[in-house]
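K.L.:
Below is the file data.cif, which contains mmCIF, N, CA, C and O atoms.
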```cif
data_upload
loop_
_atom_site.label_atom_id
_atom_site.label_comp_id
_atom_site.auth_asym_id
_atom_site.auth_seq_id
_atom_site.Cartn_x
_atom_site.Cartn_y
_atom_site.Cartn_z
N GLY A 40 0.81 -1.18 0.00
CA GLY A 40 0.00 0.00 0.00
C GLY A 40 0.86 1.26 0.00
O GLY A 40 2.07 1.22 -0.24
N ALA A 41 0.24 2.35 0.28
CA ALA A 41 0.91 3.65 0.24
C ALA A 41 2.05 3.75 1.25
O ALA A 41 2.98 4.53 1.06
N GLY A 42 2.01 2.93 2.29
CA GLY A 42 3.06 2.95 3.31
C GLY A 42 4.26 2.10 2.95
O GLY A 42 5.21 2.04 3.71
N GLY A 43 4.21 1.42 1.80
CA GLY A 43 5.30 0.55 1.42
C GLY A 43 5.15 -0.80 2.09
O GLY A 43 4.06 -1.21 2.46
N CYS A 44 6.26 -1.51 2.25
CA CYS A 44 6.22 -2.81 2.90
C CYS A 44 7.54 -3.09 3.59
O CYS A 44 8.52 -2.37 3.40
N VAL A 45 7.54 -4.12 4.39
CA VAL A 45 8.73 -4.54 5.12
C VAL A 45 9.04 -5.97 4.72
O VAL A 45 8.14 -6.81 4.66
N SER A 46 10.30 -6.24 4.44
CA SER A 46 10.73 -7.61 4.19
C SER A 46 11.66 -8.03 5.31
O SER A 46 12.32 -7.20 5.93
N ALA A 47 11.69 -9.32 5.57
CA ALA A 47 12.57 -9.86 6.61
C ALA A 47 13.30 -11.07 6.04
O ALA A 47 12.68 -11.95 5.46
N GLY A 48 14.60 -11.06 6.18
CA GLY A 48 15.42 -12.16 5.68
C GLY A 48 16.64 -12.33 6.55
O GLY A 48 16.72 -11.76 7.65
N ALA A 49 17.59 -13.08 6.05
CA ALA A 49 18.81 -13.35 6.80
C ALA A 49 19.56 -12.07 7.15
O ALA A 49 20.23 -11.99 8.18
N ALA A 50 19.42 -11.05 6.31
CA ALA A 50 20.11 -9.78 6.53
C ALA A 50 19.33 -8.84 7.45
O ALA A 50 19.75 -7.72 7.70
N GLY A 51 18.18 -9.28 7.94
CA GLY A 51 17.38 -8.45 8.83
C GLY A 51 16.14 -7.91 8.15
O GLY A 51 15.73 -8.37 7.09
N HIS A 52 15.55 -6.91 8.77
CA HIS A 52 14.33 -6.28 8.26
C HIS A 52 14.69 -5.08 7.39
O HIS A 52 15.66 -4.38 7.67
N HIS A 53 13.88 -4.84 6.37
CA HIS A 53 14.11 -3.70 5.49
C HIS A 53 12.77 -3.10 5.09
O HIS A 53 11.87 -3.82 4.67
N HIS A 54 12.64 -1.77 5.24
CA HIS A 54 11.44 -1.07 4.78
C HIS A 54 11.64 -0.66 3.33
O HIS A 54 12.66 -0.09 2.97
N HIS A 55 10.64 -0.97 2.51
CA HIS A 55 10.65 -0.62 1.09
C HIS A 55 9.57 0.44 0.89
O HIS A 55 8.39 0.13 0.98
N PRO A 56 9.95 1.71 0.64
CA PRO A 56 8.95 2.75 0.43
C PRO A 56 8.08 2.43 -0.78
O PRO A 56 8.53 1.77 -1.73
N ALA A 57 6.85 2.88 -0.75
CA ALA A 57 5.93 2.67 -1.87
C ALA A 57 6.33 3.53 -3.06
O ALA A 57 6.94 4.58 -2.91
N HIS A 58 5.99 3.04 -4.24
CA HIS A 58 6.18 3.84 -5.46
C HIS A 58 4.99 4.78 -5.57
O HIS A 58 3.85 4.34 -5.47
N PRO A 59 5.24 6.06 -5.79
CA PRO A 59 4.11 6.99 -5.90
C PRO A 59 3.28 6.67 -7.14
O PRO A 59 3.82 6.44 -8.22
N VAL A 60 1.98 6.61 -6.95
CA VAL A 60 1.07 6.29 -8.05
C VAL A 60 -0.31 6.86 -7.71
O VAL A 60 -0.69 6.93 -6.55
N ALA A 61 -1.02 7.28 -8.75
CA ALA A 61 -2.40 7.71 -8.57
C ALA A 61 -3.26 6.45 -8.65
O ALA A 61 -3.53 5.93 -9.73
N ALA A 62 -3.68 5.94 -7.51
CA ALA A 62 -4.44 4.70 -7.46
C ALA A 62 -5.85 4.89 -8.01
O ALA A 62 -6.56 5.81 -7.62
N VAL A 63 -6.23 4.02 -8.92
CA VAL A 63 -7.57 4.00 -9.50
C VAL A 63 -8.38 2.87 -8.88
O VAL A 63 -9.53 3.05 -8.52
N ASP A 64 -7.76 1.70 -8.73
CA ASP A 64 -8.44 0.52 -8.19
C ASP A 64 -7.36 -0.39 -7.60
O ASP A 64 -6.45 -0.81 -8.31
N THR A 65 -7.46 -0.69 -6.33
CA THR A 65 -6.42 -1.47 -5.66
C THR A 65 -6.73 -2.97 -5.62
O THR A 65 -5.99 -3.74 -5.01
N THR A 66 -7.78 -3.40 -6.29
CA THR A 66 -8.26 -4.78 -6.19
C THR A 66 -7.18 -5.82 -6.47
O THR A 66 -7.04 -6.77 -5.73
N GLY A 67 -6.39 -5.68 -7.52
CA GLY A 67 -5.43 -6.72 -7.88
C GLY A 67 -4.01 -6.49 -7.41
O GLY A 67 -3.10 -7.23 -7.78
N ALA A 68 -3.80 -5.48 -6.58
CA ALA A 68 -2.44 -5.12 -6.18
C ALA A 68 -1.72 -6.25 -5.44
O ALA A 68 -0.57 -6.56 -5.74
N GLY A 69 -2.37 -6.85 -4.49
CA GLY A 69 -1.75 -7.92 -3.71
C GLY A 69 -1.44 -9.14 -4.57
O GLY A 69 -0.38 -9.76 -4.41
N ASP A 70 -2.34 -9.48 -5.46
CA ASP A 70 -2.11 -10.62 -6.36
C ASP A 70 -0.90 -10.36 -7.25
O ASP A 70 -0.06 -11.24 -7.44
N THR A 71 -0.83 -9.16 -7.80
CA THR A 71 0.30 -8.81 -8.65
C THR A 71 1.59 -8.85 -7.86
O THR A 71 2.59 -9.44 -8.29
N PHE A 72 1.59 -8.22 -6.69
CA PHE A 72 2.79 -8.17 -5.86
C PHE A 72 3.28 -9.59 -5.53
O PHE A 72 4.45 -9.92 -5.74
N CYS A 73 2.38 -10.42 -5.03
CA CYS A 73 2.78 -11.78 -4.62
C CYS A 73 3.24 -12.63 -5.80
O CYS A 73 4.23 -13.36 -5.69
N GLY A 74 2.55 -12.53 -6.92
CA GLY A 74 2.93 -13.31 -8.10
C GLY A 74 4.28 -12.92 -8.64
O GLY A 74 5.13 -13.77 -8.94
N VAL A 75 4.51 -11.61 -8.77
CA VAL A 75 5.79 -11.13 -9.29
C VAL A 75 6.91 -11.42 -8.29
O VAL A 75 8.00 -11.86 -8.67
N LEU A 76 6.64 -11.23 -7.01
CA LEU A 76 7.65 -11.52 -5.98
C LEU A 76 8.06 -12.99 -6.04
O LEU A 76 9.26 -13.31 -6.06
N ALA A 77 7.09 -13.88 -6.07
CA ALA A 77 7.40 -15.32 -6.11
C ALA A 77 8.19 -15.68 -7.36
O ALA A 77 9.18 -16.42 -7.30
N ALA A 78 7.77 -15.16 -8.51
CA ALA A 78 8.46 -15.47 -9.77
C ALA A 78 9.90 -14.98 -9.74
O ALA A 78 10.82 -15.68 -10.19
N LEU A 79 10.11 -13.77 -9.23
CA LEU A 79 11.46 -13.22 -9.20
C LEU A 79 12.37 -13.95 -8.20
O LEU A 79 13.55 -14.16 -8.47
N LEU A 80 11.81 -14.34 -7.07
CA LEU A 80 12.60 -15.11 -6.10
C LEU A 80 12.98 -16.47 -6.69
O LEU A 80 14.12 -16.92 -6.55
N LEU A 81 12.04 -17.10 -7.38
CA LEU A 81 12.34 -18.38 -8.03
C LEU A 81 13.37 -18.22 -9.14
O LEU A 81 14.14 -19.14 -9.42
N ALA A 82 13.42 -17.04 -9.74
CA ALA A 82 14.39 -16.77 -10.80
C ALA A 82 15.76 -16.39 -10.25
O ALA A 82 16.68 -16.14 -11.00
N GLY A 83 15.88 -16.32 -8.91
CA GLY A 83 17.17 -16.06 -8.30
C GLY A 83 17.43 -14.62 -7.89
O GLY A 83 18.54 -14.29 -7.47
N GLN A 84 16.43 -13.76 -7.98
CA GLN A 84 16.59 -12.37 -7.53
C GLN A 84 16.79 -12.35 -6.01
O GLN A 84 16.28 -13.21 -5.29
N THR A 85 17.50 -11.35 -5.53
CA THR A 85 17.61 -11.17 -4.09
C THR A 85 16.26 -10.68 -3.56
O THR A 85 15.45 -10.13 -4.31
N LEU A 86 16.01 -10.88 -2.27
CA LEU A 86 14.75 -10.44 -1.69
C LEU A 86 14.52 -8.94 -1.87
O LEU A 86 13.45 -8.53 -2.34
N PRO A 87 15.50 -8.07 -1.56
CA PRO A 87 15.26 -6.63 -1.75
C PRO A 87 14.96 -6.26 -3.21
O PRO A 87 14.06 -5.47 -3.47
N ALA A 88 15.68 -6.85 -4.14
CA ALA A 88 15.44 -6.54 -5.56
C ALA A 88 14.07 -7.04 -6.00
O ALA A 88 13.34 -6.35 -6.72
N ALA A 89 13.70 -8.24 -5.56
CA ALA A 89 12.41 -8.81 -5.94
C ALA A 89 11.26 -8.00 -5.35
O ALA A 89 10.26 -7.74 -6.04
N VAL A 90 11.40 -7.56 -4.11
CA VAL A 90 10.34 -6.74 -3.49
C VAL A 90 10.19 -5.42 -4.24
O VAL A 90 9.07 -5.01 -4.55
N GLU A 91 11.29 -4.76 -4.53
CA GLU A 91 11.23 -3.47 -5.23
C GLU A 91 10.55 -3.63 -6.58
O GLU A 91 9.70 -2.83 -6.97
N ARG A 92 10.87 -4.67 -7.31
CA ARG A 92 10.28 -4.90 -8.63
C ARG A 92 8.82 -5.30 -8.51
O ARG A 92 7.99 -4.88 -9.32
N ALA A 93 8.48 -6.10 -7.51
CA ALA A 93 7.08 -6.48 -7.30
C ALA A 93 6.24 -5.26 -6.94
O ALA A 93 5.09 -5.14 -7.37
N GLN A 94 6.83 -4.33 -6.20
CA GLN A 94 6.12 -3.09 -5.88
C GLN A 94 5.84 -2.29 -7.14
O GLN A 94 4.76 -1.70 -7.28
N ARG A 95 6.80 -2.23 -8.05
CA ARG A 95 6.59 -1.49 -9.30
C ARG A 95 5.46 -2.11 -10.11
O ARG A 95 4.63 -1.41 -10.69
N ALA A 96 5.42 -3.44 -10.15
CA ALA A 96 4.36 -4.12 -10.89
C ALA A 96 3.00 -3.86 -10.24
O ALA A 96 2.01 -3.61 -10.93
N ALA A 97 2.95 -3.89 -8.91
CA ALA A 97 1.69 -3.63 -8.21
C ALA A 97 1.25 -2.18 -8.42
O ALA A 97 0.05 -1.90 -8.56
N ALA A 98 2.20 -1.26 -8.46
CA ALA A 98 1.86 0.15 -8.71
C ALA A 98 1.23 0.32 -10.08
O ALA A 98 0.29 1.10 -10.25
N LEU A 99 1.72 -0.43 -11.06
CA LEU A 99 1.11 -0.38 -12.39
C LEU A 99 -0.32 -0.91 -12.33
O LEU A 99 -1.23 -0.32 -12.91
N THR A 100 -0.53 -1.99 -11.60
CA THR A 100 -1.86 -2.58 -11.49
C THR A 100 -2.86 -1.59 -10.90
O THR A 100 -3.98 -1.46 -11.40
N VAL A 101 -2.50 -0.90 -9.83
CA VAL A 101 -3.47 -0.01 -9.18
C VAL A 101 -3.74 1.26 -9.98
O VAL A 101 -4.66 1.99 -9.67
N SER A 102 -2.96 1.48 -11.01
CA SER A 102 -3.18 2.68 -11.83
C SER A 102 -4.30 2.47 -12.85
O SER A 102 -4.63 3.40 -13.60
N ARG A 103 -4.89 1.25 -12.87
CA ARG A 103 -5.93 0.93 -13.84
C ARG A 103 -7.13 0.32 -13.14
O ARG A 103 -6.99 -0.30 -12.09
N PRO A 104 -8.32 0.46 -13.74
CA PRO A 104 -9.51 -0.13 -13.12
C PRO A 104 -9.60 -1.64 -13.36
O PRO A 104 -9.04 -2.17 -14.32
N GLY A 105 -10.28 -2.29 -12.44
CA GLY A 105 -10.53 -3.72 -12.59
C GLY A 105 -9.55 -4.55 -11.80
O GLY A 105 -8.60 -4.06 -11.22
N ALA A 106 -9.81 -5.85 -11.80
CA ALA A 106 -8.91 -6.78 -11.12
C ALA A 106 -8.08 -7.50 -12.17
O ALA A 106 -6.94 -7.13 -12.42
N PHE A 107 -8.64 -8.49 -12.81
CA PHE A 107 -7.89 -9.26 -13.80
C PHE A 107 -7.44 -8.37 -14.95
O PHE A 107 -6.30 -8.48 -15.42
N ALA A 108 -8.32 -7.48 -15.41
CA ALA A 108 -7.98 -6.61 -16.55
C ALA A 108 -6.83 -5.66 -16.24
O ALA A 108 -6.13 -5.22 -17.15
N ALA A 109 -6.61 -5.36 -14.98
CA ALA A 109 -5.55 -4.42 -14.59
C ALA A 109 -4.19 -5.08 -14.43
O ALA A 109 -3.17 -4.39 -14.36
N LEU A 110 -4.16 -6.41 -14.38
CA LEU A 110 -2.88 -7.10 -14.20
C LEU A 110 -1.96 -6.81 -15.38
O LEU A 110 -2.40 -6.82 -16.52
N PRO A 111 -0.68 -6.57 -15.11
CA PRO A 111 0.26 -6.29 -16.21
C PRO A 111 0.44 -7.51 -17.10
O PRO A 111 0.48 -8.65 -16.62
N SER A 112 0.56 -7.27 -18.38
CA SER A 112 0.85 -8.35 -19.32
C SER A 112 2.33 -8.71 -19.24
O SER A 112 3.13 -7.98 -18.64
N ALA A 113 2.70 -9.82 -19.86
CA ALA A 113 4.11 -10.22 -19.88
C ALA A 113 4.96 -9.14 -20.54
O ALA A 113 6.05 -8.82 -20.08
N ALA A 114 4.45 -8.55 -21.62
CA ALA A 114 5.19 -7.49 -22.31
C ALA A 114 5.37 -6.27 -21.41
O ALA A 114 6.44 -5.66 -21.39
N GLU A 115 4.33 -5.90 -20.67
CA GLU A 115 4.43 -4.76 -19.76
C GLU A 115 5.44 -5.05 -18.65
O GLU A 115 6.20 -4.17 -18.27
N LEU A 116 5.45 -6.27 -18.14
CA LEU A 116 6.41 -6.62 -17.09
C LEU A 116 7.83 -6.58 -17.62
O LEU A 116 8.74 -6.11 -16.94
N ARG A 117 8.05 -7.06 -18.85
CA ARG A 117 9.39 -7.00 -19.42
C ARG A 117 9.86 -5.57 -19.57
O ARG A 117 11.02 -5.24 -19.30
N ALA A 118 8.96 -4.66 -19.98
CA ALA A 118 9.31 -3.26 -20.13
C ALA A 118 9.54 -2.59 -18.77
O ALA A 118 10.43 -1.75 -18.62
N LEU A 119 8.72 -2.96 -17.79
CA LEU A 119 8.80 -2.37 -16.46
C LEU A 119 9.97 -2.89 -15.65
O LEU A 119 10.56 -2.17 -14.85
N LEU A 120 10.33 -4.14 -15.88
CA LEU A 120 11.35 -4.82 -15.09
C LEU A 120 12.47 -5.30 -16.00
O LEU A 120 12.62 -6.50 -16.23
N PRO A 121 13.28 -4.40 -16.55
CA PRO A 121 14.35 -4.81 -17.47
C PRO A 121 15.23 -5.89 -16.86
O PRO A 121 15.54 -5.87 -15.68
N GLY A 122 15.61 -6.84 -17.69
CA GLY A 122 16.49 -7.89 -17.25
C GLY A 122 15.76 -9.08 -16.64
O GLY A 122 16.36 -10.06 -16.27
N CYS A 123 14.42 -9.00 -16.55
CA CYS A 123 13.64 -10.09 -16.00
C CYS A 123 12.85 -10.76 -17.12
O CYS A 123 12.24 -10.07 -17.93
N ALA A 124 12.87 -12.06 -17.15
CA ALA A 124 12.03 -12.79 -18.11
C ALA A 124 10.62 -12.84 -17.55
O ALA A 124 10.43 -13.16 -16.39
N ALA A 125 9.66 -12.47 -18.35
CA ALA A 125 8.26 -12.51 -17.90
C ALA A 125 7.46 -13.38 -18.84
O ALA A 125 7.73 -13.48 -19.98
#
```
Produce structure tokens that represent the structure in this file.
P.N.:
Amino acid sequence: GAGGCVSAGAAGHHHHPAHPVAAVDTTGAGDTFCGVLAALLLAGQTLPAAVERAQRAAALTVSRPGAFAALPSAAELRALLPGCAA
């Protein structure tokens, strides 16, 4: 959400500030965040990098109306998250 999030790992706790966005509909934000986070962690990203990128994807989702329709496409994720296979 607007307050960002906290991750906890072997290196301790880390606060990740939210990406500023004009929220239109927050319905799919958590789904986007969790899906992108899991995919990036499975791809070998570090926890801080995966969280930051998952936040960017969730910010894109909340900028559009709807739930499923607002989810970023694979092409949008590739453009938003350079260096990541989507």
K.L.:
Here's a test: counting only N, CA, C and O atoms, identify every protein, DNA and RNA residue with an atom at most 7 Å from (9.2, -2.4, -11.5) in the file's coordinate frame, and state them as a list in words.
P.N.:
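It turns out the residues near that spot are Glu91, Arg92, Ala93, Gln94, Arg95, Ala96, Ala97, Leu116, Leu119, Leu120 and Pro121 of chain A.
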K.L.:
What gap, in Å, lies between atom CA of A:Ala106 and atom CA of A:Gly74?
P.N.:
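So the two atoms, atom CA of A:Ala106 and atom CA of A:Gly74, lie 13.9 Å apart.
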K.L.:
Run through the PyMOL selection byres ((chain A and resi 110) around 7) on the given coordinates and return the selected residues as a ChimeraX atom specification.
P.N.:
/A:67,71,96,99-100,104-109,111-113
K.L.:
Just list as an NGL selection string whatever in stretch 41-89 of chain A DSSP marks as strand (DSSP E).
P.N.:
:A and (44-48 or 51-55)
K.L.:
Once you have the residues from the selection above, write them out as an mmCIF file, in the coordinates of the input, restricted to N, CA, C and O atoms.
P.N.:
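As written to disk, again.cif reads:
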```cif
data_model
loop_
_atom_site.group_PDB
_atom_site.id
_atom_site.type_symbol
_atom_site.label_atom_id
_atom_site.label_comp_id
_atom_site.auth_asym_id
_atom_site.auth_seq_id
_atom_site.Cartn_x
_atom_site.Cartn_y
_atom_site.Cartn_z
ATOM 1 N N CYS A 44 6.260 -1.510 2.250
ATOM 2 C CA CYS A 44 6.220 -2.810 2.900
ATOM 3 C C CYS A 44 7.540 -3.090 3.590
ATOM 4 O O CYS A 44 8.520 -2.370 3.400
ATOM 5 N N VAL A 45 7.540 -4.120 4.390
ATOM 6 C CA VAL A 45 8.730 -4.540 5.120
ATOM 7 C C VAL A 45 9.040 -5.970 4.720
ATOM 8 O O VAL A 45 8.140 -6.810 4.660
ATOM 9 N N SER A 46 10.300 -6.240 4.440
ATOM 10 C CA SER A 46 10.730 -7.610 4.190
ATOM 11 C C SER A 46 11.660 -8.030 5.310
ATOM 12 O O SER A 46 12.320 -7.200 5.930
ATOM 13 N N ALA A 47 11.690 -9.320 5.570
ATOM 14 C CA ALA A 47 12.570 -9.860 6.610
ATOM 15 C C ALA A 47 13.300 -11.070 6.040
ATOM 16 O O ALA A 47 12.680 -11.950 5.460
ATOM 17 N N GLY A 48 14.600 -11.060 6.180
ATOM 18 C CA GLY A 48 15.420 -12.160 5.680
ATOM 19 C C GLY A 48 16.640 -12.330 6.550
ATOM 20 O O GLY A 48 16.720 -11.760 7.650
ATOM 21 N N GLY A 51 18.180 -9.280 7.940
ATOM 22 C CA GLY A 51 17.380 -8.450 8.830
ATOM 23 C C GLY A 51 16.140 -7.910 8.150
ATOM 24 O O GLY A 51 15.730 -8.370 7.090
ATOM 25 N N HIS A 52 15.550 -6.910 8.770
ATOM 26 C CA HIS A 52 14.330 -6.280 8.260
ATOM 27 C C HIS A 52 14.690 -5.080 7.390
ATOM 28 O O HIS A 52 15.660 -4.380 7.670
ATOM 29 N N HIS A 53 13.880 -4.840 6.370
ATOM 30 C CA HIS A 53 14.110 -3.700 5.490
ATOM 31 C C HIS A 53 12.770 -3.100 5.090
ATOM 32 O O HIS A 53 11.870 -3.820 4.670
ATOM 33 N N HIS A 54 12.640 -1.770 5.240
ATOM 34 C CA HIS A 54 11.440 -1.070 4.780
ATOM 35 C C HIS A 54 11.640 -0.660 3.330
ATOM 36 O O HIS A 54 12.660 -0.090 2.970
ATOM 37 N N HIS A 55 10.640 -0.970 2.510
ATOM 38 C CA HIS A 55 10.650 -0.620 1.090
ATOM 39 C C HIS A 55 9.570 0.440 0.890
ATOM 40 O O HIS A 55 8.390 0.130 0.980
#
```
K.L.:
Quick one: residues within 8 Å of A:Leu86, only N, CA, C and O atoms counted, chain neighbours fewer than 4 positions away excluded, as a ChimeraX atom specification?
P.N.:
/A:46-48,76,79-80,90-93
K.L.:
How about saving the chosen residues, N, CA, C and O atoms kept, as a PDB file, keeping the file's coordinate frame?
P.N.:
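As a result, out08.pdb now contains:
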```
ATOM      1  N   SER A  46      10.300  -6.240   4.440  1.00  0.00           N
ATOM      2  CA  SER A  46      10.730  -7.610   4.190  1.00  0.00           C
ATOM      3  C   SER A  46      11.660  -8.030   5.310  1.00  0.00           C
ATOM      4  O   SER A  46      12.320  -7.200   5.930  1.00  0.00           O
ATOM      5  N   ALA A  47      11.690  -9.320   5.570  1.00  0.00           N
ATOM      6  CA  ALA A  47      12.570  -9.860   6.610  1.00  0.00           C
ATOM      7  C   ALA A  47      13.300 -11.070   6.040  1.00  0.00           C
ATOM      8  O   ALA A  47      12.680 -11.950   5.460  1.00  0.00           O
ATOM      9  N   GLY A  48      14.600 -11.060   6.180  1.00  0.00           N
ATOM     10  CA  GLY A  48      15.420 -12.160   5.680  1.00  0.00           C
ATOM     11  C   GLY A  48      16.640 -12.330   6.550  1.00  0.00           C
ATOM     12  O   GLY A  48      16.720 -11.760   7.650  1.00  0.00           O
ATOM     13  N   LEU A  76       6.640 -11.230  -7.010  1.00  0.00           N
ATOM     14  CA  LEU A  76       7.650 -11.520  -5.980  1.00  0.00           C
ATOM     15  C   LEU A  76       8.060 -12.990  -6.040  1.00  0.00           C
ATOM     16  O   LEU A  76       9.260 -13.310  -6.060  1.00  0.00           O
ATOM     17  N   LEU A  79      10.110 -13.770  -9.230  1.00  0.00           N
ATOM     18  CA  LEU A  79      11.460 -13.220  -9.200  1.00  0.00           C
ATOM     19  C   LEU A  79      12.370 -13.950  -8.200  1.00  0.00           C
ATOM     20  O   LEU A  79      13.550 -14.160  -8.470  1.00  0.00           O
ATOM     21  N   LEU A  80      11.810 -14.340  -7.070  1.00  0.00           N
ATOM     22  CA  LEU A  80      12.600 -15.110  -6.100  1.00  0.00           C
ATOM     23  C   LEU A  80      12.980 -16.470  -6.690  1.00  0.00           C
ATOM     24  O   LEU A  80      14.120 -16.920  -6.550  1.00  0.00           O
ATOM     25  N   VAL A  90      11.400  -7.560  -4.110  1.00  0.00           N
ATOM     26  CA  VAL A  90      10.340  -6.740  -3.490  1.00  0.00           C
ATOM     27  C   VAL A  90      10.190  -5.420  -4.240  1.00  0.00           C
ATOM     28  O   VAL A  90       9.070  -5.010  -4.550  1.00  0.00           O
ATOM     29  N   GLU A  91      11.290  -4.760  -4.530  1.00  0.00           N
ATOM     30  CA  GLU A  91      11.230  -3.470  -5.230  1.00  0.00           C
ATOM     31  C   GLU A  91      10.550  -3.630  -6.580  1.00  0.00           C
ATOM     32  O   GLU A  91       9.700  -2.830  -6.970  1.00  0.00           O
ATOM     33  N   ARG A  92      10.870  -4.670  -7.310  1.00  0.00           N
ATOM     34  CA  ARG A  92      10.280  -4.900  -8.630  1.00  0.00           C
ATOM     35  C   ARG A  92       8.820  -5.300  -8.510  1.00  0.00           C
ATOM     36  O   ARG A  92       7.990  -4.880  -9.320  1.00  0.00           O
ATOM     37  N   ALA A  93       8.480  -6.100  -7.510  1.00  0.00           N
ATOM     38  CA  ALA A  93       7.080  -6.480  -7.300  1.00  0.00           C
ATOM     39  C   ALA A  93       6.240  -5.260  -6.940  1.00  0.00           C
ATOM     40  O   ALA A  93       5.090  -5.140  -7.370  1.00  0.00           O
TER      41      ALA A  93
END
```
